[in-house]
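What follows is the content of query10.txt, which has compact mmCIF, C-alpha atoms:
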```
# COMPACT_ATOMS: atom_id res chain seq x y z
CA MET A 277 157.39 123.01 106.00
CA PRO A 278 155.55 120.27 104.08
CA SER A 279 156.02 120.13 100.35
CA ASP A 280 153.06 120.43 97.93
CA LYS A 281 153.22 116.69 97.37
CA ASN A 282 152.52 115.93 101.00
CA SER A 283 150.14 118.81 101.65
CA GLU A 284 146.82 117.78 103.22
CA SER A 285 144.90 119.64 100.51
CA SER A 286 146.69 117.83 97.69
CA PRO A 287 144.15 116.29 95.27
CA ILE A 288 145.97 112.96 95.37
CA ARG A 289 145.96 112.99 99.18
CA LEU A 290 142.21 113.69 99.08
CA LEU A 291 141.68 110.68 96.81
CA LEU A 292 143.81 108.42 99.00
CA GLU A 293 141.92 109.47 102.10
CA LEU A 294 138.46 108.84 100.70
CA ASP A 295 136.16 106.95 103.07
CA ARG A 296 136.37 103.41 101.67
CA THR A 297 133.07 102.40 103.23
CA VAL A 298 131.38 105.04 101.07
CA HIS A 299 133.70 104.71 98.07
CA GLU A 300 132.70 101.14 97.15
CA PRO A 301 130.30 101.51 94.14
CA ALA A 302 127.45 99.37 95.49
CA ARG A 303 127.51 101.07 98.89
CA LEU A 304 127.81 104.47 97.21
CA ALA A 305 124.71 103.69 95.13
CA ILE A 306 122.80 102.67 98.27
CA LEU A 307 123.87 105.86 100.08
CA VAL A 308 122.98 108.06 97.07
CA ILE A 309 119.43 106.66 97.09
CA LEU A 310 119.01 106.83 100.86
CA SER A 311 120.36 110.40 100.93
CA VAL A 312 117.46 111.49 98.69
CA VAL A 313 114.54 109.45 100.05
CA GLU A 314 113.36 109.30 103.64
CA LYS A 315 113.39 105.50 103.81
CA ALA A 316 113.32 102.53 101.46
CA ASP A 317 112.93 98.78 101.87
CA PHE A 318 115.06 95.89 100.65
CA LEU A 319 113.02 95.23 97.50
CA TYR A 320 113.10 98.87 96.42
CA LEU A 321 116.90 99.02 96.84
CA LEU A 322 117.20 95.68 95.04
CA ASN A 323 115.28 97.03 92.03
CA GLU A 324 117.04 100.39 91.95
CA THR A 325 120.62 99.15 92.39
CA GLU A 326 120.19 95.91 90.39
CA LEU A 327 122.50 94.14 92.85
CA SER A 328 122.01 90.51 93.77
CA ARG A 329 120.14 89.83 97.03
CA GLY A 330 123.25 88.54 98.77
CA ASN A 331 125.34 91.50 97.63
CA LEU A 332 122.75 94.03 98.72
CA SER A 333 122.37 92.32 102.06
CA SER A 334 126.12 92.26 102.63
CA HIS A 335 126.60 95.95 101.68
CA THR A 336 123.70 97.16 103.83
CA SER A 337 125.20 95.22 106.75
CA LYS A 338 128.55 96.97 106.24
CA LEU A 339 126.87 100.35 106.10
CA GLN A 340 124.96 99.53 109.26
CA GLU A 341 128.16 98.41 111.02
CA ALA A 342 129.74 101.76 110.09
CA GLY A 343 126.71 103.53 111.59
CA TYR A 344 125.79 105.08 108.23
CA ILE A 345 122.33 103.54 107.93
CA THR A 346 119.74 102.09 110.27
CA ILE A 347 117.74 98.97 109.56
CA GLU A 348 114.21 98.90 110.90
CA LYS A 349 112.20 95.68 110.87
CA ALA A 350 108.48 96.06 111.29
CA PHE A 351 105.16 94.50 110.41
CA VAL A 352 102.87 96.60 108.23
CA ASP A 353 99.41 95.11 108.08
CA ARG A 354 100.92 91.81 109.29
CA ILE A 355 103.44 91.80 106.42
CA PRO A 356 107.14 92.00 107.42
CA ARG A 357 109.10 94.95 106.05
CA THR A 358 112.79 95.81 106.42
CA ALA A 359 113.29 99.54 105.92
CA TYR A 360 116.62 101.32 105.56
CA GLN A 361 117.31 104.92 106.50
CA ILE A 362 120.46 107.03 106.34
CA THR A 363 121.75 108.29 109.71
CA PRO A 364 123.13 111.80 110.37
CA GLU A 365 126.62 110.20 110.46
CA GLY A 366 125.92 108.54 107.11
CA LYS A 367 124.77 111.84 105.63
CA SER A 368 127.90 113.62 106.92
CA ALA A 369 130.16 110.87 105.56
CA PHE A 370 128.40 111.00 102.18
CA ASP A 371 128.61 114.83 102.01
CA ALA A 372 132.30 114.74 102.99
CA TYR A 373 132.93 112.10 100.30
CA ARG A 374 131.18 114.20 97.65
CA GLN A 375 133.18 117.27 98.64
CA SER A 376 136.51 115.43 98.62
CA ILE A 377 136.00 113.77 95.26
CA THR A 378 134.72 116.99 93.70
CA GLU A 379 137.72 118.95 94.98
CA ALA A 380 140.12 116.22 93.86
CA ILE A 381 138.99 115.82 90.26
CA GLN A 382 137.19 119.02 89.30
CA THR A 383 140.29 120.70 87.77
CA ASP A 384 140.87 120.47 84.01
CA HIS A 385 142.79 117.44 82.82
CA PRO A 386 146.02 118.30 80.91
CA SER A 387 145.02 116.14 77.96
CA GLN A 388 141.91 118.29 77.50
CA SER A 389 144.06 121.46 77.36
CA GLN A 390 146.29 119.87 74.71
CA VAL A 391 143.28 118.94 72.62
CA ASN A 392 141.97 122.50 72.90
CA VAL A 393 145.34 123.92 71.80
CA MET B 155 119.64 119.19 93.69
CA SER B 156 121.76 117.84 90.85
CA ASN B 157 120.16 115.90 88.00
CA THR B 158 121.05 112.54 89.59
CA PHE B 159 119.42 113.43 92.88
CA THR B 160 116.40 115.03 91.17
CA GLU B 161 115.95 111.89 89.07
CA ILE B 162 116.12 109.68 92.19
CA ASP B 163 113.52 111.92 93.89
CA HIS B 164 111.25 111.73 90.78
CA ARG B 165 111.64 107.96 90.63
CA ALA B 166 110.76 107.62 94.32
CA PHE B 167 107.65 109.77 93.95
CA ARG B 168 106.67 107.99 90.71
CA HIS B 169 107.14 104.66 92.49
CA ASP B 170 104.74 105.89 95.18
CA VAL B 171 101.92 106.55 92.68
CA VAL B 172 102.61 103.95 89.99
CA ASP B 173 99.89 101.55 91.21
CA GLY B 174 96.95 103.88 90.37
CA LEU B 175 95.59 103.80 93.93
CA SER B 176 96.25 107.54 94.33
CA GLU B 177 93.85 108.25 91.44
CA ILE B 178 91.18 106.01 93.01
CA ALA B 179 91.61 107.94 96.28
CA MET B 180 91.55 111.24 94.38
CA ALA B 181 88.24 110.23 92.77
CA PHE B 182 86.58 110.26 96.21
CA PHE B 183 87.67 113.87 96.69
CA PHE B 184 85.75 114.70 93.49
CA LEU B 185 82.74 112.45 94.11
CA VAL B 186 81.99 113.16 97.79
CA PRO B 187 81.72 116.98 97.29
CA ALA B 188 79.58 116.33 94.18
CA PHE B 189 77.03 114.49 96.31
CA THR B 190 77.25 116.86 99.27
CA ILE B 191 76.53 119.89 97.04
CA ARG B 192 73.23 118.22 96.15
CA GLU B 193 72.46 117.37 99.78
CA PRO B 194 74.33 119.92 101.96
CA ALA B 195 73.09 118.13 105.10
CA PHE B 196 75.61 115.40 104.25
CA GLY B 197 78.48 117.87 103.98
CA TRP B 198 80.12 116.30 107.03
CA MET B 199 80.70 113.18 104.91
CA ILE B 200 83.77 114.88 103.40
CA ILE B 201 85.48 113.99 106.68
CA PHE B 202 85.55 110.29 105.66
CA PRO B 203 87.98 110.56 102.75
CA VAL B 204 90.06 113.13 104.67
CA LEU B 205 90.38 110.89 107.75
CA PHE B 206 90.40 107.39 106.32
CA MET B 207 92.00 107.69 102.88
CA GLY B 208 95.58 107.69 104.22
CA PRO B 209 95.26 104.52 106.37
CA TRP B 210 93.18 102.82 103.63
CA LEU B 211 95.85 103.54 100.99
CA LYS B 212 98.60 102.33 103.33
CA LYS B 213 96.74 99.08 104.01
CA LEU B 214 96.12 98.42 100.31
CA ARG B 215 99.71 99.24 99.36
CA ALA B 216 101.07 97.00 102.13
CA ARG B 217 99.02 94.12 100.66
CA HIS B 218 99.29 94.73 96.92
CA THR B 219 101.98 97.27 96.00
CA TRP B 220 104.99 96.96 98.30
CA PRO B 221 105.33 93.16 98.03
CA ARG B 222 105.56 93.68 94.24
CA ILE B 223 107.86 96.67 93.78
CA GLY B 224 109.11 97.53 97.25
CA TYR B 225 108.51 100.44 99.55
CA VAL B 226 110.00 103.90 99.45
CA LYS B 227 109.03 107.04 101.29
CA PRO B 228 110.00 110.13 99.30
CA ARG B 229 111.23 113.16 101.21
CA GLY B 230 109.16 116.32 101.63
CA GLU B 231 105.90 114.79 102.73
CA ASN B 232 105.57 116.95 105.80
CA ALA B 233 101.81 116.99 106.37
CA GLY B 234 101.87 120.39 108.11
CA GLU B 235 103.77 122.08 105.27
CA MET B 236 101.50 120.44 102.69
CA LEU B 237 98.37 121.72 104.46
CA ILE B 238 99.75 125.26 104.72
CA GLY B 239 100.75 125.13 101.03
CA MET B 240 97.27 123.94 100.02
CA ALA B 241 95.56 126.62 102.16
CA VAL B 242 97.73 129.37 100.61
CA TYR B 243 97.01 128.03 97.10
CA VAL B 244 93.23 127.94 97.71
CA PHE B 245 93.36 131.49 99.12
CA VAL B 246 95.37 132.79 96.15
CA VAL B 247 93.02 131.17 93.58
CA LEU B 248 89.89 132.52 95.30
CA ALA B 249 91.46 135.98 95.68
CA VAL B 250 92.51 136.10 91.99
CA VAL B 251 89.04 134.98 90.83
CA GLY B 252 87.34 137.46 93.21
CA VAL B 253 89.50 140.38 92.06
CA GLY B 254 89.05 139.30 88.42
CA ILE B 255 85.27 139.32 88.71
CA PHE B 256 85.32 142.67 90.50
CA VAL B 257 87.59 144.26 87.88
CA PHE B 258 85.60 143.04 84.87
CA ARG B 259 82.07 143.28 86.28
CA GLY B 260 82.37 145.96 88.97
CA GLU B 261 80.63 143.80 91.58
CA ILE B 262 80.56 140.21 92.78
CA LYS B 263 77.15 138.62 92.30
CA PRO B 264 76.27 135.14 93.64
CA GLY B 265 75.04 134.11 90.18
CA LEU B 266 78.38 134.98 88.64
CA ILE B 267 80.26 133.01 91.31
CA ARG B 268 78.05 130.00 90.55
CA GLN B 269 78.80 130.49 86.85
CA VAL B 270 82.58 130.40 87.35
CA SER B 271 82.53 127.72 90.07
CA PRO B 272 83.55 124.87 87.66
CA LEU B 273 86.55 126.97 86.59
CA ILE B 274 87.50 127.64 90.23
CA ALA B 275 87.18 123.92 91.06
CA SER B 276 89.22 122.93 88.00
CA VAL B 277 92.04 125.36 88.91
CA LEU B 278 91.99 124.18 92.57
CA PHE B 279 92.19 120.50 91.64
CA GLY B 280 94.57 121.40 88.79
CA GLY B 281 97.10 122.64 91.36
CA GLY B 282 97.24 119.18 92.95
CA LEU B 283 97.49 117.48 89.57
CA LEU B 284 100.25 119.87 88.47
CA TYR B 285 102.20 119.10 91.66
CA ALA B 286 101.82 115.33 91.06
CA ALA B 287 102.80 115.72 87.39
CA GLY B 288 105.87 117.84 88.18
CA ARG B 289 107.05 115.60 91.01
CA SER B 290 106.49 112.26 89.27
CA GLY B 291 106.94 113.19 85.61
CA LEU B 292 104.03 110.84 84.78
CA ARG B 293 102.18 111.80 81.61
CA ARG B 294 98.77 110.69 82.92
CA TYR B 295 98.74 113.56 85.45
CA TYR B 296 99.25 116.09 82.65
CA VAL B 297 96.36 114.45 80.74
CA LEU B 298 94.13 114.65 83.84
CA LEU B 299 95.19 118.29 84.34
CA GLY B 300 94.27 119.10 80.73
CA LEU B 301 90.91 117.33 81.08
CA SER B 302 90.21 119.11 84.38
CA LEU B 303 90.87 122.56 82.90
CA ALA B 304 89.00 121.79 79.67
CA LEU B 305 85.94 120.56 81.57
CA GLY B 306 86.07 123.54 83.96
CA ILE B 307 86.32 126.07 81.12
CA ALA B 308 83.60 124.34 79.05
CA LEU B 309 81.14 124.20 81.95
CA THR B 310 81.84 127.86 82.77
CA ALA B 311 81.28 128.92 79.17
CA VAL B 312 77.91 127.20 78.78
CA THR B 313 74.86 128.06 80.87
CA VAL B 314 73.75 125.05 82.86
CA PRO B 315 70.31 125.35 84.49
CA GLY B 316 70.11 124.61 88.21
CA ARG B 317 72.05 125.90 91.22
CA TYR B 318 75.64 124.67 91.18
CA LEU B 319 74.68 121.94 88.69
CA SER B 320 77.65 122.87 86.48
CA VAL B 321 80.18 122.36 89.29
CA GLN B 322 78.43 119.10 90.19
CA ILE B 323 78.82 117.91 86.60
CA TYR B 324 82.50 118.89 86.74
CA LEU B 325 83.06 116.99 90.01
CA LEU B 326 81.15 113.91 88.84
CA GLY B 327 82.91 113.94 85.47
CA MET B 328 86.40 114.27 86.95
CA GLY B 329 85.54 111.75 89.69
CA ALA B 330 84.47 109.18 87.11
CA ILE B 331 87.53 109.83 84.90
CA THR B 332 90.09 109.63 87.74
CA PHE B 333 88.41 106.53 89.18
CA ALA B 334 88.49 104.80 85.77
CA VAL B 335 92.13 105.82 85.18
CA GLY B 336 93.08 104.60 88.68
CA LEU B 337 91.26 101.29 88.34
CA ILE B 338 92.73 100.52 84.90
CA THR B 339 96.23 101.48 86.11
CA PHE B 340 95.83 99.32 89.24
CA ILE B 341 94.63 96.25 87.29
CA HIS B 342 97.48 96.68 84.78
CA PHE B 343 99.95 97.10 87.64
CA ILE B 344 98.77 93.92 89.42
CA ARG B 345 98.99 91.94 86.17
CA THR B 346 102.42 93.17 85.16
CA HIS B 347 104.12 93.05 88.56
CA PRO B 348 104.13 89.62 90.23
CA ILE B 349 104.81 89.40 93.96
CA ARG B 350 108.55 89.02 94.57
CA ASP B 351 109.54 86.24 96.92
CA LEU B 352 112.63 87.53 98.67
CA GLY B 353 113.11 84.42 100.77
CA GLU B 354 115.43 85.14 103.64
CA ALA B 355 117.73 87.49 101.76
CA ASP B 356 116.46 90.66 103.39
CA ASP B 357 116.81 89.09 106.80
CA ALA B 358 120.37 88.01 106.16
CA GLU B 359 121.90 91.01 107.84
```

Is it possible to give me this structure as structure tokens?
Amino acid sequence: MPSDKNSESSPIRLLLELDRTVHEPARLAILVILSVVEKADFLYLLNETELSRGNLSSHTSKLQEAGYITIEKAFVDRIPRTAYQITPEGKSAFDAYRQSITEAIQTDHPSQSQVNV
Amino acid sequence: MSNTFTEIDHRAFRHDVVDGLSEIAMAFFFLVPAFTIREPAFGWMIIFPVLFMGPWLKKLRARHTWPRIGYVKPRGENAGEMLIGMAVYVFVVLAVVGVGIFVFRGEIKPGLIRQVSPLIASVLFGGGLLYAAGRSGLRRYYVLLGLSLALGIALTAVTVPGRYLSVQIYLLGMGAITFAVGLITFIHFIRTHPIRDLGEADDAE
């Protein structure tokens, strides 16, 4: 029988098993935005995340490699536009990440209890 | 939705209307009916803003807005759902006004309907403005909503000679105001947001 320490539902285990593709702050910010909007282009993400162009480009590539977002290049009125959209896999990964991190850290911290006492 | 997600949704919608072009488009929906009331034979002209406003806005935004601040498509813009929502809203407003007139006057006379037509128009357009205000959080939509209701109530309270002249004044007044607000916002937007040269960064992936 596994001990509590090694149990799969252990909060620490949940934290250690977080999806690292999602967990990185810049990629998490990109996924948070794309989970709310239908699609957004490079410039919009650049303004909202305040990342550098190279950083944003590198993180969107990693998310695309993981299959979490799609990148669509098109011409709108003869002007090129690169639009990003979250995939169903990306949405599932993001939802799973939210659930894991909420379950792992939602309990009261002991130091708060001591302060209250 | 949590506050973070709601705020992102508000920002996306606000981003979509920040250039003032939506107000310029909205002005046509006030102005075209104003002219077609005077000349009902040209009533079919309302089809132009309905059919061409979307592609026209997209073309203008592709040239002037998106190269400056980027492109985002907020969720919940299902055209079918929007149309059903608008139809239900129009039906509810007309039903409430009809029942109201019947309760207070005992019968519905054409003259009375003409009298309250600016109020009906202001409430109908007010619904759209309230939606835009709530979704974007932009103060100018609340101001336009207040102006719309004030003008509708004022023109209903006073007796304006001429058939449907009061509702025409309402439509022309609101058309001129929204057009002016849209144009000023657009000029200010163009001046304060230079075109961003992204180079090859967005093609780097």

Item to complete: Please identify all polymer residues within 10 Å of segment 156-173 of chain B, counting only C-alpha atoms, omitting same-chain residues fewer than 5 positions from it, and present them as JSON, numbers by chain.
Response: {"A": [308, 309, 310, 311, 312, 313, 314, 316, 320, 324], "B": [178, 215, 218, 219, 220, 223, 224, 225, 226, 227, 228, 229, 230, 286, 287, 288, 289, 290, 291, 292, 336, 337, 338, 339, 340, 341, 342, 343, 344, 347]}

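Using all atoms listed in the file, the nearest neighbour of chain B within the list A:Val352, A:Ile381, A:Leu307, A:Ala372 is A:Val352.
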
Worksheet entry | Which residue of A:Arg296, A:Lys367, A:Lys315, A:Arg303 approaches chain B most closely, using only C-alpha atoms | A:Lys315

Worksheet item: Leaving out Gly366 of chain A and any residue of its chain fewer than 5 positions from it, which residues lie within 9 Å of it when counting only C-alpha atoms, given as a ChimeraX atom specification?
Response: /A:298,307,311,339,342-345,371

Discussion item. I need the chain A residues near chain B as a ChimeraX atom specification; criterion: at most 12 Å, counting all atoms listed in the file.
Written reply: /A:305-325,328-341,346-361

Worksheet entry | Distance of atom CA of Val251 of chain B from atom CA of Val314 of chain B, expressed in Å to one decimal place |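 Atom-to-atom, atom CA of Val314 of chain B and atom CA of Val251 of chain B are spaced 19.9 Å apart.
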
Item to complete: Could you check which of B:Tyr318, B:Gly239, B:Met207, B:Leu303 is closest to Phe183 of chain B, using all atoms listed in the file?
Response: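 For Phe183 of chain B, the nearest of the candidates is B:Met207.
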
Discussion item. At a cut-off of 12 Å, using all atoms listed in the file, what residues contact Glu293 of chain A? Leave out same-chain residues fewer than 2 positions from it and give the result as JSON, numbers by chain.
Written reply: {"A": [284, 285, 286, 287, 288, 289, 290, 291, 295, 296, 297, 298, 299, 372, 373, 376, 377, 380]}

Practice prompt. For each of B:Gly174, B:Leu278, B:Arg317, B:Ile331, take the minimum atom-to-atom distance to Leu301 of chain B, counting all atoms listed in the file, then give the residue where this is smallest.
Written response: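 Under the stated criterion, the closest residue is B:Ile331.
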
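The interatomic distance for the pair atom CA of Tyr285 of chain B and atom CA of Ile267 of chain B works out to 26.0 Å.
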
Could you give me, as CSV, a per-residue list for segment 223-339 of chain B showing, wherever an atom lies at most 9 Å from an atom of segment 185-188 of chain B, the closest pair of atoms and their distance in Å to one decimal, using all atoms listed in the file and sorting by chain then residue number from low to high?
```
residue,atom,partner,partner_atom,distance
B:Val321,CA,B:Ala188,CA,7.8
B:Gln322,CA,B:Ala188,CA,5.0
B:Ile323,CA,B:Ala188,CA,7.8
B:Tyr324,CA,B:Ala188,CA,8.4
B:Leu325,CA,B:Ala188,CA,5.5
B:Leu326,CA,B:Leu185,CA,5.7
B:Gly327,CA,B:Leu185,CA,8.8
B:Met328,CA,B:Leu185,CA,8.2
B:Gly329,CA,B:Leu185,CA,5.3
B:Ala330,CA,B:Leu185,CA,7.9
```

Item to complete: Work out how far atom CA of Pro203 of chain B is from atom CA of Ile191 of chain B, in Å to one decimal.
Response: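 That distance, rounded to one decimal, is 15.8 Å.
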
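Shortest separation to Gly282 of chain B among B:Val244, B:Leu319, B:Ala195, B:Leu266 occurs at residue B:Val244, atoms counted being only C-alpha atoms.
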
Listed atoms of segment 304-309 of chain B boxed axis-aligned with 6 Å per side, centre + edges as AutoDock Vina command-line options:
```
--center_x 85.1 --center_y 123.3 --center_z 81.5 --size_x 19.9 --size_y 17.5 --size_z 16.9
```

Final N, CA and C atoms of segment 314-341 of chain B as a compact mmCIF listing (two decimals), in the frame of the given file:
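Final output, selection.txt:
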```txt
# COMPACT_ATOMS: atom_id res chain seq x y z
N VAL B 314 74.40 126.28 82.41
CA VAL B 314 73.75 125.05 82.86
C VAL B 314 72.64 125.42 83.84
N PRO B 315 71.39 125.01 83.56
CA PRO B 315 70.31 125.35 84.49
C PRO B 315 70.49 124.63 85.83
N GLY B 316 70.02 125.26 86.89
CA GLY B 316 70.11 124.61 88.21
C GLY B 316 71.26 125.18 89.01
N ARG B 317 71.04 125.31 90.34
CA ARG B 317 72.05 125.90 91.22
C ARG B 317 73.24 124.96 91.37
N TYR B 318 74.39 125.43 91.04
CA TYR B 318 75.64 124.67 91.18
C TYR B 318 75.63 123.33 90.43
N LEU B 319 74.72 123.20 89.44
CA LEU B 319 74.68 121.94 88.69
C LEU B 319 75.96 121.79 87.85
N SER B 320 76.45 122.95 87.33
CA SER B 320 77.65 122.87 86.48
C SER B 320 78.86 122.35 87.27
N VAL B 321 79.02 122.83 88.51
CA VAL B 321 80.18 122.36 89.29
C VAL B 321 79.98 120.90 89.70
N GLN B 322 78.71 120.51 89.89
CA GLN B 322 78.43 119.10 90.19
C GLN B 322 78.82 118.22 89.02
N ILE B 323 78.47 118.68 87.81
CA ILE B 323 78.82 117.91 86.60
C ILE B 323 80.34 117.79 86.50
N TYR B 324 81.03 118.91 86.79
CA TYR B 324 82.50 118.89 86.74
C TYR B 324 83.05 117.85 87.71
N LEU B 325 82.55 117.90 88.97
CA LEU B 325 83.06 116.99 90.01
C LEU B 325 82.75 115.53 89.68
N LEU B 326 81.53 115.28 89.21
CA LEU B 326 81.15 113.91 88.84
C LEU B 326 81.99 113.41 87.66
N GLY B 327 82.14 114.30 86.66
CA GLY B 327 82.91 113.94 85.47
C GLY B 327 84.35 113.61 85.82
N MET B 328 85.00 114.50 86.58
CA MET B 328 86.40 114.27 86.95
C MET B 328 86.54 113.07 87.89
N GLY B 329 85.53 112.90 88.78
CA GLY B 329 85.54 111.75 89.69
C GLY B 329 85.50 110.45 88.91
N ALA B 330 84.60 110.40 87.91
CA ALA B 330 84.47 109.18 87.11
C ALA B 330 85.75 108.92 86.31
N ILE B 331 86.32 109.99 85.73
CA ILE B 331 87.53 109.83 84.90
C ILE B 331 88.71 109.35 85.77
N THR B 332 88.93 110.02 86.91
CA THR B 332 90.09 109.63 87.74
C THR B 332 89.91 108.22 88.31
N PHE B 333 88.66 107.88 88.66
CA PHE B 333 88.41 106.53 89.18
C PHE B 333 88.72 105.49 88.11
N ALA B 334 88.25 105.75 86.88
CA ALA B 334 88.49 104.80 85.77
C ALA B 334 89.98 104.69 85.48
N VAL B 335 90.68 105.83 85.45
CA VAL B 335 92.13 105.82 85.18
C VAL B 335 92.85 105.03 86.28
N GLY B 336 92.46 105.29 87.54
CA GLY B 336 93.08 104.60 88.68
C GLY B 336 92.84 103.11 88.64
N LEU B 337 91.61 102.72 88.35
CA LEU B 337 91.26 101.29 88.34
C LEU B 337 92.01 100.54 87.22
N ILE B 338 92.03 101.15 86.03
CA ILE B 338 92.73 100.52 84.90
C ILE B 338 94.23 100.40 85.21
N THR B 339 94.80 101.49 85.76
CA THR B 339 96.23 101.48 86.11
C THR B 339 96.52 100.40 87.16
N PHE B 340 95.63 100.29 88.16
CA PHE B 340 95.83 99.32 89.24
C PHE B 340 95.77 97.89 88.71
N ILE B 341 94.76 97.60 87.86
CA ILE B 341 94.63 96.25 87.29
C ILE B 341 95.87 95.92 86.44
```
